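Visitor: Quick one: the structure is below, and I'll ask about it shortly.
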Amino acid sequence: MTSTAPAAEPLLDWTAAAQIAGRLARPGTTAPRAELDELVAGLRTAAGDAVGHVLDVTRMAPAARLADGGLGDVHVVDRAGWTRANAQSMRAMTDPVMATLGSQVPATSAGARLAGAAEAGGLLALLSGRVLGQFDPYGADRGRLLLVAPNVLQVERALNLRPRDFRLWVCLHEQTHALQFAAAPWLADHLVGRVGGLLSGVTESSLRMARAPLRQKLAVVGRTVLRAVRGELVTPLDGVLGPAERRELEEITAVMALLEGHADVMMDAVGPRVVRTVRTIRARFEKRRDGEGAPALDVVLRRVLGMDAKLAQYRDGAAFVRAVEQQVGRDGLNAVWSSEAHLPSAREIADPRAWVRRVHG
């Protein structure tokens, strides 16, 4: 008779995290029922219209088209709905890590798991007010597009944008992400594997940190905040990354920079013929991204949470995409989706000519 090792408990209670995030997330901009109905319908229409434009401008083809012609399910959600969806996806990504680590992770009390859920829920609630849309390749069999309706309404009002144009512009970005995963069916598993490896390393480092003296823990937190105040790019993982994990994070960040930069370039490449006010939207949106006029505390908080690192991904990735296109054109750029071996490294994101030499000779 053979015995099997008990399954490792989740790192935290993700169900509780989703519930906490849902309660903490502020509802955001409100409007009369008729206007909200029009907003939801407009976002669904924009998501559908964006597919054809994205296929045209990227010159990419999905490995398989859905019966309805789309690239994934479309969900128009509120902030609480976005937090629930992301808690679900984060659990799907962290559970395999726990299964791999198994007995290395000491059993945690219900109180500790709930405390972790409260921390994760609070972070999700905070981020829920800053996300316009997100393509989640892990949320359903064919991926799902999440459009956060109150945030879209808030930004288009704050920036005085033409609603129809802005909603289509947002959907162009997210449907480009959907096409990336549809054109490269191996990409989702590749990212899960790399992120899983990173999380395993981070979890092991965190366990070592948990046994460290309080003074050492406070020193790590203090250094992270000080770097953020100085204006350096930091991420929430900075305090627990060893050299190997830092290198792995750099390579994952390179892939994310490609995904975000590619989507940013393509959403503008459709041009005024499709989105009449695209140049106005981009100019005003970039000012908002940069936090122009934001309180100093908000700027520091954004850095500590890694949001500025996210903005750097958009810019570095977009610069890579434009530089590659100048050398080998859009079809030459699309070689990046043909295999894992053609993904750019962190060094190649900074030096696009090195990628061109390696892939195109």
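Going by the structure tokens order, chains are called A, B, ..., each with residues numbered from 1, while ligands are numbered from 1 in the order shown.
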How close does stretch 69-89 of chain A get to stretch 10-21 of chain A? List, as CSV, each residue of stretch 69-89 of chain A within 12 Å, its nearest atom pair and the distance in Å to one decimal, counting only C-alpha atoms.

Guide:
```
residue,atom,partner,partner_atom,distance
A:Arg79,CA,A:Ala21,CA,9.1
A:Ala80,CA,A:Ala21,CA,6.8
A:Gly81,CA,A:Ala18,CA,9.1
A:Trp82,CA,A:Ala18,CA,9.5
A:Thr83,CA,A:Ala18,CA,6.1
A:Arg84,CA,A:Ala18,CA,5.0
A:Ala85,CA,A:Ala18,CA,8.3
A:Asn86,CA,A:Ala18,CA,8.3
A:Ala87,CA,A:Ala18,CA,5.7
A:Gln88,CA,A:Trp14,CA,7.2
A:Ser89,CA,A:Trp14,CA,9.7
```

Visitor: Just the residues within 7 Å of stretch 145-151 of chain A, please, counting only C-alpha atoms, with nothing from its chain fewer than 3 positions along; format it as a PyMOL selection string.

Guide: chain A and resi 28-29+40+72-79+82+129+131-136+154-155

Visitor: Set the distance at 9 Å and use only C-alpha atoms: which residues neighbour A:Leu126 once local chain neighbours fewer than 6 positions away are removed? I'd like the list as a list of chain:residue names.

Guide: A:Ala21, A:Leu24, A:Ala25, A:Arg26

Visitor: Tell me which protein, DNA and RNA residues are within 9 Å of A:Pro185, counting only C-alpha atoms, leaving out same-chain ones fewer than 5 positions away, and put them as a PDB file with C-alpha atoms, in the first residue's frame.

Guide:
```pdb
ATOM      1  CA  PRO A  62      -4.677  33.559 -34.584  1.00  0.00           C
ATOM      2  CA  ALA A  63      -3.937  29.852 -34.569  1.00  0.00           C
ATOM      3  CA  GLN A 180      -0.807  37.785 -29.036  1.00  0.00           C
TER       4      GLN A 180
END
```

Visitor: Compile the contact shell of A:Arg284 as number ranges by chain: residues with an atom at most 10 Å away, counting only C-alpha atoms, same-chain residues fewer than 2 positions apart removed.

Guide: A: 158-161, 279-282, 286-289

Visitor: Give me, please, the distance in Å between atom CA of A:Arg162 and atom CA of A:Arg276, quoted to one decimal.

Guide: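 Distance reported for this atom pair: 9.2 Å.
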
Visitor: Taking only C-alpha atoms into account, which of A:Ile252, A:Ala257, A:Ala283, A:Ala120 comes nearest A:His190?

Guide: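 Using only C-alpha atoms, A:His190 sits closest to A:Ile252.
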
Visitor: Which distance in Å separates atom CA of A:Leu71 and atom CA of A:Leu172, to one decimal?

Guide: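 It comes out at 12.0 Å.
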
Visitor: A:Gly332, A:Val57, A:Pro32, A:Ala341: which is nearest A:Asp268, counting only C-alpha atoms?

Guide: A:Val57

Visitor: Under the rule that only C-alpha atoms are counted, which of A:Ala319, A:Val255, A:Met60, A:Ala350 is the nearest residue to A:Ala182?

Guide: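 The closest residue to A:Ala182 is A:Met60.
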
Visitor: Write down as a VMD selection string the residues belonging to stretch 7-51 of chain A that are assigned helix (DSSP H, G or I) by DSSP computed on the backbone.

Guide: chain A and resid 14 to 24 33 to 51

Visitor: Which residue, A:Thr30, A:Gln313, A:Thr253, A:Thr176, has the smallest gap to A:Leu198 when you use only C-alpha atoms?

Guide: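 For A:Leu198, the nearest of the given residues is A:Thr253.
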
Visitor: What is the distance, in Å and to one decimal place, between atom CA of A:Glu340 and atom CA of A:Phe181?

Guide: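 Taking atom CA of A:Glu340 and atom CA of A:Phe181, their separation equals 12.3 Å.
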